[in-house]
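K.L.:
Dropping a structure here in structure tokens format, bear with me for questions.
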Number of protein chains: 2
Amino acid sequence: MNDPPAPPTGPVRREDDILERIAAIVGRRTIPDGEVHVGDDAAVLRPFVGELVLSTDAAVGGVHLDPALFPLEDLGFKAVAAAVSDLAAMGARPRATVVAVIAPPGTDLDALHRGMADAAAATSCPIVGGDLSVGADVVVAVTVLGECPGRGAVLRRGARDGDELLITGPLGRAAAGLRRRRAGASLDDPLVVAHRRPWPRLAEGLAARGAGVHAMMDVSDGLALDLHRLADASRVGFVLDAVPVADGATLDEALAGGEDYELLIATDDPARLRRQFTDRGLAEPITLGRVTAEPAVRTLGGQPLERRGWQHHW
Amino acid sequence: MNDPPAPPTGPVRREDDILERIAAIVGRRTIPDGEVHVGDDAAVLRPFVGELVLSTDAAVGGVHLDPALFPLEDLGFKAVAAAVSDLAAMGARPRATVVAVIAPPGTDLDALHRGMADAAAATSCPIVGGDLSVGADVVVAVTVLGECPGRGAVLRRGARDGDELLITGPLGRAAAGLRRRRAGASLDDPLVVAHRRPWPRLAEGLAARGAGVHAMMDVSDGLALDLHRLADASRVGFVLDAVPVADGATLDEALAGGEDYELLIATDDPARLRRQFTDRGLAEPITLGRVTAEPAVRTLGGQPLERRGWQHHW
């Protein structure tokens with residue numbers, strides 16, 4: 001009455017069979033007692049502690065990653081890493097990922113899911129469920145959940161006049177990596193790797209929340225766009241002295257390249273923040289400048305900093 | 001330095017402007033104290049009670065809904081309703097929805113989001129965040145979160161030999177509605193409405209969990225597929241006496257049409273289940289048959305029930 005079960009490496013056609021293969025790729029080897037991951041109508045997770053933090057992000061093949069330059073695995077990795085970075089930006093502890101994949105027939109779903117599984121493992125944000133549909137584009141829609149035990153999540157809106165602005169690392173690596181790849185650099189080139197395999201600053205985000213910082217966000221669309229967003233949310237301005245440019249990157253890439261996923265932080269106690277970082281073995285955050293009360297003042301080195309960066313155009 | 005803010009009804013191009021418009025459509029008017037919905041890196045929700053239940057579902061224009069027959073709004077509504085139905089299937093209480101939308105330039109994003117907002121409001125599962133990207137297909141990827149205070153979520157795997165199998169309503173309405181619409185019926189036709197605006201059985205799911213049922217799932221892909229899945233998960237068989245066919249539907253539509261979102265329930269105490277339903281003013285569940293210990297026995301009216309229903313083919 002039933003079809004015979006598909007052999008694990010043989011040809012597969014039925015959705016249920018494919019989902020089983022995928023579950024074997026993305027599923028956690030050990031599922032915590034009392035949890036249910038892939039295989040039911042929904043995943044069941046043990047209770048969360050404190051505020052729940054939640055973000056969704058889609059990556060589209062050809063839009064977010066050029067398939068002529070990068071393997072499909074990278075699309076999966078980047079989609080999960082970008083979503084987890086939103087948890088880092090709140091200072092949250094990752095708990096779970098679910099992924100909805102849309103792809104045309106013939107897509108290497110194993111490769112795509114291997115990339116997602118790698119990012120989920122690297123960030124301790126296990127994939128607990130998913131969905132699969134047919135469509136023209138390869139689309140990976142990732143939702144991540146985290147928790148904030150103790151002190152609440154850090155928002156964009158809390159920056160205050162006089163706060164110091166800091167960043168967790170130099171900028172422009174991802175954009176420089178894309179430029180180098182387009183010019184023929186190998187996938188192993190360190191800057192190309194920074195583009196293909198972004199690293200969410202989870203430990204830094206937790207440390208910053210522990211240090212009681214006023215505002216935080218990740219610089220996913222470029223400092224020259226995201227800093228304006230933080231200033232808008234906080235109804236403040238900013239005066240930047242200098243922007244740390246990564247080795248091999250240009251100032252323009254540092255300002256508007258995006259996809260670096262460093263964290264931008266505003267705090268009135270930078271000494272405490274630095275101590276929290278060094279106590280945890282993290283690289284010290286780099287000072288960018290200061291928050292000002294006047295929302296119209298937004299400068300870098302005395303010149304207005306234009307709002308620009310990566311946006312979809314409709 | 002900044003672009004002037006777009007007027008609320010005027011032409012818009014920048015992603016941030018569009019996101020603001022969408023937030024006004026999907027956002028809840030009143031946000032609970034201590035929560036942050038749209039507008040930060042991630043949404044922040046007050047602590048959940050008990051187990052957390054989580055599901056993701058994508059709907060693709062042209063695959064899940066024929067744009068020649070149905071307005072775009074219906075794609076948004078169906079995507080959210082289908083995801084929320086997975087919460088109903090676990091007996092969970094809805095808490096939050098996030099939506100990732102991919103669409104080609106020129107798509108009526110307002111209509112799409114209105115449909116999602118309607119379904120979110122109707123199911124008390126507010127949209128708290130989202131993402132927007134450009135792509136060839138219209139894709140709506142919905143993730144829903146729920147909580148299970150008290151007793152844990154109801155899984156597929158708990159059905160036992162001798163359990164009664166019940167369904168929350170007659171089947172085939174959605175498939176019959178699609179057939180009627182193809183034949184020219186109006187969008188207001190009651191069966192067409194059943195197809196366009198499916199109603200997740202949240203109250204029924206909560207009542208069933210309260211009644212301590214052994215297993216539950218929603219019949220989203222058709223009884224002749226989903227009942228096999230429940231039996232597989234529980235390692236049992238089933239003997240069905242009859243299947244309730246909705247007025248205007250055929251037996252084939254009831255068995256394999258899918259998208260009805262009624263709940264399939266296995267319990268050793270059907271009297272208690274019926275009492276829970278009638279106490280809450282819900283229509284009594286309908287008996288389908290019984291669970292048997294032997295996984296190979298899977299019959300309807302004495303004949304083998306073939307595994308068939310809606311699956312993607314790769």
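Lettering and numbering for the structure tokens are positional, with chains as A, B, ... in the shown order, residues counted from 1 in each chain, and ligands counted from 1 in the shown order.
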Any chance you could lay chain A over chain B, fitting all C-alpha atoms in order by least squares, and write the moved chain as a tab-separated table (two decimals) with C-alpha atoms, in the first residue's frame?

P.N.:
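Result saved to selection.tsv:
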chain	number	residue	atom	x	y	z
A	1	MET	CA	21.14	65.23	4.20
A	2	ASN	CA	18.27	62.75	4.52
A	3	ASP	CA	15.67	62.18	1.84
A	4	PRO	CA	12.38	63.86	2.67
A	5	PRO	CA	9.91	61.47	4.30
A	6	ALA	CA	7.56	59.89	1.74
A	7	PRO	CA	3.91	60.93	2.01
A	8	PRO	CA	1.81	58.03	3.25
A	9	THR	CA	-0.07	57.54	-0.04
A	10	GLY	CA	2.50	58.82	-2.53
A	11	PRO	CA	4.96	56.85	-4.61
A	12	VAL	CA	7.58	55.04	-2.59
A	13	ARG	CA	10.87	53.53	-3.57
A	14	ARG	CA	13.21	53.18	-0.65
A	15	GLU	CA	13.00	49.95	1.31
A	16	ASP	CA	12.75	51.78	4.64
A	17	ASP	CA	9.74	53.75	3.36
A	18	ILE	CA	8.01	50.61	2.12
A	19	LEU	CA	8.69	48.85	5.41
A	20	GLU	CA	7.06	51.74	7.24
A	21	ARG	CA	3.93	51.47	5.07
A	22	ILE	CA	3.80	47.73	5.64
A	23	ALA	CA	4.30	48.13	9.37
A	24	ALA	CA	1.25	50.39	9.41
A	25	ILE	CA	-0.79	47.66	7.69
A	26	VAL	CA	0.32	44.62	9.67
A	27	GLY	CA	1.34	46.19	12.97
A	28	ARG	CA	-0.81	45.78	16.00
A	29	ARG	CA	-2.43	49.04	17.12
A	30	THR	CA	-1.58	48.38	20.75
A	31	ILE	CA	1.71	46.75	21.57
A	32	PRO	CA	1.81	45.07	24.98
A	33	ASP	CA	3.89	46.87	27.57
A	34	GLY	CA	7.48	45.66	27.47
A	35	GLU	CA	7.29	44.34	23.89
A	36	VAL	CA	8.92	45.65	20.72
A	37	HIS	CA	7.46	44.59	17.40
A	38	VAL	CA	8.44	45.94	13.96
A	39	GLY	CA	11.36	48.38	13.74
A	40	ASP	CA	14.37	46.96	15.61
A	41	ASP	CA	16.85	44.25	14.62
A	42	ALA	CA	14.47	41.72	16.14
A	43	ALA	CA	11.13	41.67	17.91
A	44	VAL	CA	11.10	41.40	21.70
A	45	LEU	CA	8.25	39.52	23.37
A	46	ARG	CA	7.34	39.11	27.02
A	47	PRO	CA	8.17	35.69	28.49
A	48	PHE	CA	6.27	32.68	27.17
A	49	VAL	CA	4.45	30.29	29.50
A	50	GLY	CA	5.30	26.61	29.27
A	51	GLU	CA	6.57	24.85	26.18
A	52	LEU	CA	7.18	26.98	23.12
A	53	VAL	CA	5.67	25.77	19.84
A	54	LEU	CA	7.10	26.97	16.55
A	55	SER	CA	6.33	26.37	12.88
A	56	THR	CA	7.31	27.84	9.50
A	57	ASP	CA	5.41	27.59	6.22
A	58	ALA	CA	5.94	29.18	2.82
A	59	ALA	CA	3.28	29.98	0.22
A	60	VAL	CA	4.32	30.66	-3.37
A	61	GLY	CA	2.14	32.58	-5.84
A	62	GLY	CA	1.20	30.31	-8.73
A	63	VAL	CA	2.03	27.17	-6.71
A	64	HIS	CA	-0.16	27.56	-3.64
A	65	LEU	CA	-2.66	29.98	-5.21
A	66	ASP	CA	-3.60	30.60	-8.84
A	67	PRO	CA	-3.29	34.38	-9.41
A	68	ALA	CA	-5.82	34.17	-12.27
A	69	LEU	CA	-8.51	32.94	-9.87
A	70	PHE	CA	-7.75	34.61	-6.55
A	71	PRO	CA	-6.56	38.06	-5.41
A	72	LEU	CA	-3.08	38.43	-3.94
A	73	GLU	CA	-4.67	39.16	-0.57
A	74	ASP	CA	-5.75	35.51	-0.37
A	75	LEU	CA	-2.15	34.31	-0.71
A	76	GLY	CA	-1.25	36.37	2.37
A	77	PHE	CA	-4.29	35.18	4.30
A	78	LYS	CA	-3.75	31.52	3.45
A	79	ALA	CA	-0.05	31.59	4.29
A	80	VAL	CA	-0.67	32.93	7.80
A	81	ALA	CA	-3.74	30.74	8.40
A	82	ALA	CA	-1.86	27.59	7.33
A	83	ALA	CA	0.98	28.36	9.71
A	84	VAL	CA	-1.34	29.14	12.62
A	85	SER	CA	-3.12	25.86	11.94
A	86	ASP	CA	0.12	24.11	12.93
A	87	LEU	CA	-0.19	25.77	16.36
A	88	ALA	CA	-3.79	24.55	16.58
A	89	ALA	CA	-2.56	21.05	15.75
A	90	MET	CA	-0.34	21.07	18.86
A	91	GLY	CA	-3.05	22.54	21.08
A	92	ALA	CA	-0.97	25.70	21.49
A	93	ARG	CA	-2.08	29.25	22.22
A	94	PRO	CA	-0.86	31.64	19.48
A	95	ARG	CA	1.58	34.37	20.51
A	96	ALA	CA	3.33	35.87	17.47
A	97	THR	CA	3.87	35.78	13.71
A	98	VAL	CA	6.82	36.97	11.59
A	99	VAL	CA	6.60	37.17	7.81
A	100	ALA	CA	9.31	37.22	5.14
A	101	VAL	CA	8.03	38.42	1.78
A	102	ILE	CA	9.80	38.08	-1.56
A	103	ALA	CA	8.17	39.71	-4.57
A	104	PRO	CA	8.98	41.17	-7.97
A	105	PRO	CA	8.91	44.96	-8.38
A	106	GLY	CA	5.37	46.17	-9.02
A	107	THR	CA	3.71	43.65	-6.70
A	108	ASP	CA	0.81	45.05	-4.69
A	109	LEU	CA	2.56	44.64	-1.35
A	110	ASP	CA	-0.25	46.44	0.47
A	111	ALA	CA	-2.82	43.86	-0.65
A	112	LEU	CA	-0.54	40.97	0.21
A	113	HIS	CA	0.09	42.32	3.69
A	114	ARG	CA	-3.59	43.17	4.23
A	115	GLY	CA	-4.38	39.48	3.74
A	116	MET	CA	-1.71	38.52	6.26
A	117	ALA	CA	-2.90	41.12	8.74
A	118	ASP	CA	-6.50	39.86	8.45
A	119	ALA	CA	-5.48	36.28	9.20
A	120	ALA	CA	-3.22	37.37	12.06
A	121	ALA	CA	-6.04	39.41	13.60
A	122	ALA	CA	-8.60	36.62	13.13
A	123	THR	CA	-6.35	34.12	14.90
A	124	SER	CA	-4.98	36.50	17.59
A	125	CYS	CA	-1.45	35.78	16.38
A	126	PRO	CA	-0.10	39.32	15.82
A	127	ILE	CA	2.56	40.06	13.21
A	128	VAL	CA	5.55	41.32	15.20
A	129	GLY	CA	8.24	41.46	12.51
A	130	GLY	CA	9.11	40.86	8.91
A	131	ASP	CA	11.52	41.08	6.03
A	132	LEU	CA	11.17	42.13	2.41
A	133	SER	CA	13.25	41.13	-0.63
A	134	VAL	CA	13.09	41.31	-4.39
A	135	GLY	CA	12.63	38.06	-6.34
A	136	ALA	CA	10.89	36.52	-9.36
A	137	ASP	CA	8.07	34.79	-7.48
A	138	VAL	CA	5.73	36.16	-4.88
A	139	VAL	CA	6.71	34.19	-1.77
A	140	VAL	CA	5.32	34.54	1.73
A	141	ALA	CA	7.26	32.67	4.40
A	142	VAL	CA	5.40	32.74	7.69
A	143	THR	CA	6.70	31.65	11.09
A	144	VAL	CA	4.33	31.38	14.03
A	145	LEU	CA	5.00	30.98	17.73
A	146	GLY	CA	2.69	29.66	20.39
A	147	GLU	CA	2.83	28.55	23.99
A	148	CYS	CA	1.42	25.62	25.95
A	149	PRO	CA	0.64	26.61	29.53
A	150	GLY	CA	0.08	23.58	31.76
A	151	ARG	CA	-0.08	20.25	29.94
A	152	GLY	CA	2.42	19.81	27.06
A	153	ALA	CA	1.85	20.06	23.32
A	154	VAL	CA	-0.02	17.21	21.62
A	155	LEU	CA	2.18	15.29	19.15
A	156	ARG	CA	1.44	13.00	16.21
A	157	ARG	CA	3.25	10.12	17.80
A	158	GLY	CA	0.98	9.31	20.75
A	159	ALA	CA	-1.87	7.33	19.14
A	160	ARG	CA	-2.41	3.90	20.77
A	161	ASP	CA	-4.16	0.68	19.88
A	162	GLY	CA	-7.90	1.06	20.55
A	163	ASP	CA	-7.94	4.88	20.48
A	164	GLU	CA	-10.91	6.46	18.75
A	165	LEU	CA	-10.05	8.62	15.73
A	166	LEU	CA	-12.06	11.83	15.34
A	167	ILE	CA	-12.08	14.86	13.08
A	168	THR	CA	-13.26	18.38	13.95
A	169	GLY	CA	-15.42	18.76	10.84
A	170	PRO	CA	-16.42	17.35	7.46
A	171	LEU	CA	-13.73	17.39	4.77
A	172	GLY	CA	-13.38	18.47	1.16
A	173	ARG	CA	-14.63	22.06	1.41
A	174	ALA	CA	-11.41	23.72	0.25
A	175	ALA	CA	-10.94	21.40	-2.74
A	176	ALA	CA	-14.60	21.76	-3.71
A	177	GLY	CA	-14.22	25.54	-3.48
A	178	LEU	CA	-11.26	25.48	-5.83
A	179	ARG	CA	-13.20	23.31	-8.29
A	180	ARG	CA	-16.18	25.68	-8.13
A	181	ARG	CA	-13.98	28.75	-8.59
A	182	ARG	CA	-12.37	27.19	-11.65
A	183	ALA	CA	-15.89	26.65	-13.01
A	184	GLY	CA	-16.72	30.33	-12.55
A	185	ALA	CA	-18.17	30.59	-9.02
A	186	SER	CA	-17.79	34.00	-7.38
A	187	LEU	CA	-15.29	34.74	-4.63
A	188	ASP	CA	-18.24	34.94	-2.20
A	189	ASP	CA	-19.41	31.38	-2.81
A	190	PRO	CA	-19.26	29.68	0.62
A	191	LEU	CA	-17.06	26.82	-0.60
A	192	VAL	CA	-14.79	29.26	-2.46
A	193	VAL	CA	-14.51	31.23	0.78
A	194	ALA	CA	-13.52	28.00	2.57
A	195	HIS	CA	-10.66	27.72	0.07
A	196	ARG	CA	-9.61	31.39	0.23
A	197	ARG	CA	-10.03	31.96	3.96
A	198	PRO	CA	-9.24	28.75	5.86
A	199	TRP	CA	-10.00	28.87	9.55
A	200	PRO	CA	-7.45	27.30	11.90
A	201	ARG	CA	-9.15	25.21	14.60
A	202	LEU	CA	-7.42	26.94	17.52
A	203	ALA	CA	-10.24	26.62	20.03
A	204	GLU	CA	-10.69	22.96	19.11
A	205	GLY	CA	-6.96	22.30	19.50
A	206	LEU	CA	-6.87	23.89	22.94
A	207	ALA	CA	-9.96	21.93	24.00
A	208	ALA	CA	-8.43	18.67	22.78
A	209	ARG	CA	-5.18	19.32	24.65
A	210	GLY	CA	-7.23	20.07	27.75
A	211	ALA	CA	-8.99	16.73	27.29
A	212	GLY	CA	-5.67	14.89	27.35
A	213	VAL	CA	-5.92	13.39	23.85
A	214	HIS	CA	-3.10	11.08	22.75
A	215	ALA	CA	-2.28	12.47	19.29
A	216	MET	CA	-3.37	15.30	17.01
A	217	MET	CA	-2.47	16.92	13.67
A	218	ASP	CA	-4.09	19.17	11.10
A	219	VAL	CA	-5.33	17.71	7.84
A	220	SER	CA	-3.57	20.18	5.57
A	221	ASP	CA	-2.53	17.79	2.78
A	222	GLY	CA	-5.62	15.57	2.81
A	223	LEU	CA	-6.79	12.82	5.16
A	224	ALA	CA	-5.43	10.06	2.89
A	225	LEU	CA	-1.92	11.44	3.35
A	226	ASP	CA	-2.01	12.99	6.82
A	227	LEU	CA	-3.65	10.04	8.57
A	228	HIS	CA	-0.82	7.84	7.25
A	229	ARG	CA	1.68	10.33	8.67
A	230	LEU	CA	0.02	10.20	12.10
A	231	ALA	CA	-0.07	6.40	11.93
A	232	ASP	CA	3.60	6.30	10.85
A	233	ALA	CA	4.64	8.57	13.72
A	234	SER	CA	2.67	6.46	16.21
A	235	ARG	CA	3.68	3.12	14.61
A	236	VAL	CA	0.06	2.01	14.43
A	237	GLY	CA	-2.61	1.22	11.85
A	238	PHE	CA	-6.21	2.42	11.51
A	239	VAL	CA	-9.64	1.13	10.60
A	240	LEU	CA	-11.97	3.88	9.34
A	241	ASP	CA	-15.72	3.29	9.14
A	242	ALA	CA	-16.57	6.38	7.12
A	243	VAL	CA	-15.25	9.83	6.24
A	244	PRO	CA	-17.54	12.84	6.67
A	245	VAL	CA	-17.81	14.61	3.31
A	246	ALA	CA	-18.74	18.30	3.37
A	247	ASP	CA	-21.90	19.42	1.52
A	248	GLY	CA	-20.97	20.10	-2.09
A	249	ALA	CA	-17.71	18.12	-1.96
A	250	THR	CA	-16.89	14.66	-3.33
A	251	LEU	CA	-15.40	11.76	-1.39
A	252	ASP	CA	-12.22	12.18	-3.39
A	253	GLU	CA	-11.99	15.83	-2.39
A	254	ALA	CA	-12.59	14.86	1.23
A	255	LEU	CA	-9.80	12.26	1.14
A	256	ALA	CA	-7.12	13.91	-0.98
A	257	GLY	CA	-8.06	17.55	-1.55
A	258	GLY	CA	-6.18	19.04	1.35
A	259	GLU	CA	-6.23	22.57	2.80
A	260	ASP	CA	-9.22	21.88	5.04
A	261	TYR	CA	-7.24	22.38	8.25
A	262	GLU	CA	-9.60	20.29	10.35
A	263	LEU	CA	-7.90	18.54	13.26
A	264	LEU	CA	-7.46	14.79	13.38
A	265	ILE	CA	-7.51	13.48	16.96
A	266	ALA	CA	-6.76	10.14	18.63
A	267	THR	CA	-8.05	9.61	22.16
A	268	ASP	CA	-9.02	6.81	24.53
A	269	ASP	CA	-11.66	9.04	26.15
A	270	PRO	CA	-13.89	10.41	23.39
A	271	ALA	CA	-16.66	11.21	25.87
A	272	ARG	CA	-14.34	13.61	27.70
A	273	LEU	CA	-13.28	15.17	24.39
A	274	ARG	CA	-16.91	15.72	23.35
A	275	ARG	CA	-17.69	17.27	26.72
A	276	GLN	CA	-14.73	19.66	26.41
A	277	PHE	CA	-15.98	20.69	22.98
A	278	THR	CA	-19.62	21.17	23.90
A	279	ASP	CA	-18.69	23.00	27.12
A	280	ARG	CA	-16.85	25.54	24.96
A	281	GLY	CA	-19.62	25.85	22.39
A	282	LEU	CA	-17.67	24.02	19.71
A	283	ALA	CA	-19.22	21.65	17.17
A	284	GLU	CA	-18.82	18.04	18.32
A	285	PRO	CA	-15.96	16.13	16.68
A	286	ILE	CA	-16.96	13.38	14.25
A	287	THR	CA	-15.83	9.78	14.74
A	288	LEU	CA	-13.83	8.32	11.83
A	289	GLY	CA	-12.85	4.94	13.25
A	290	ARG	CA	-10.24	3.37	15.45
A	291	VAL	CA	-6.50	2.93	15.86
A	292	THR	CA	-5.17	-0.63	15.51
A	293	ALA	CA	-1.89	-2.03	16.78
A	294	GLU	CA	-0.86	-3.45	13.39
A	295	PRO	CA	0.82	-0.73	11.25
A	296	ALA	CA	0.04	-2.60	8.02
A	297	VAL	CA	-3.73	-2.43	8.61
A	298	ARG	CA	-4.93	0.89	7.16
A	299	THR	CA	-8.44	0.67	5.80
A	300	LEU	CA	-11.54	2.68	4.99
A	301	GLY	CA	-14.78	0.67	4.85
A	302	GLY	CA	-12.77	-2.54	4.76
A	303	GLN	CA	-10.63	-1.51	1.75
A	304	PRO	CA	-6.98	-0.39	1.96
A	305	LEU	CA	-6.73	3.42	2.13
A	306	GLU	CA	-4.04	4.48	-0.31
A	307	ARG	CA	-1.53	7.12	0.68
A	308	ARG	CA	-2.24	10.09	-1.56
A	309	GLY	CA	-2.68	13.81	-1.29
A	310	TRP	CA	-0.88	17.02	-2.09
A	311	GLN	CA	2.91	16.80	-2.32
A	312	HIS	CA	5.48	18.80	-4.22
A	313	HIS	CA	7.18	16.71	-6.92
A	314	TRP	CA	10.86	17.24	-7.55

K.L.:
From the DSSP assignment of the backbone, select every residue of region 121-250 of chain B that is helix (DSSP H, G or I), and format the answer as an MDAnalysis selection string.

P.N.:
chainID B and resid 121:122 173:182 190:196 202:210 223:234

K.L.:
What are the DSSP strand (DSSP E) residues of region 126-165 of chain B, as a list in words?

P.N.:
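Assigned to strand (DSSP E), within region 126-165 of chain B: Ile127, Val128, Gly129, Gly130, Asp131, Leu132, Ser133, Val134, Val139, Val140, Ala141, Val142, Thr143, Val144, Leu145, Gly146, Glu147, Cys148, Glu164 and Leu165 of chain B.
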
K.L.:
Write out, as an mmCIF file, in the first residue's frame, the residues just selected, with C-alpha atoms.

P.N.:
data_model
loop_
_atom_site.group_PDB
_atom_site.id
_atom_site.type_symbol
_atom_site.label_atom_id
_atom_site.label_comp_id
_atom_site.auth_asym_id
_atom_site.auth_seq_id
_atom_site.Cartn_x
_atom_site.Cartn_y
_atom_site.Cartn_z
ATOM 1 C CA ILE B 127 2.569 40.054 13.228
ATOM 2 C CA VAL B 128 5.555 41.318 15.217
ATOM 3 C CA GLY B 129 8.249 41.465 12.532
ATOM 4 C CA GLY B 130 9.105 40.854 8.922
ATOM 5 C CA ASP B 131 11.518 41.050 6.055
ATOM 6 C CA LEU B 132 11.157 42.112 2.426
ATOM 7 C CA SER B 133 13.245 41.108 -0.603
ATOM 8 C CA VAL B 134 13.081 41.286 -4.387
ATOM 9 C CA VAL B 139 6.705 34.181 -1.754
ATOM 10 C CA VAL B 140 5.306 34.538 1.746
ATOM 11 C CA ALA B 141 7.260 32.671 4.415
ATOM 12 C CA VAL B 142 5.405 32.737 7.710
ATOM 13 C CA THR B 143 6.692 31.651 11.099
ATOM 14 C CA VAL B 144 4.322 31.393 14.040
ATOM 15 C CA LEU B 145 4.997 30.981 17.746
ATOM 16 C CA GLY B 146 2.687 29.664 20.398
ATOM 17 C CA GLU B 147 2.819 28.567 24.002
ATOM 18 C CA CYS B 148 1.411 25.640 25.947
ATOM 19 C CA GLU B 164 -10.897 6.474 18.737
ATOM 20 C CA LEU B 165 -10.043 8.634 15.714
#
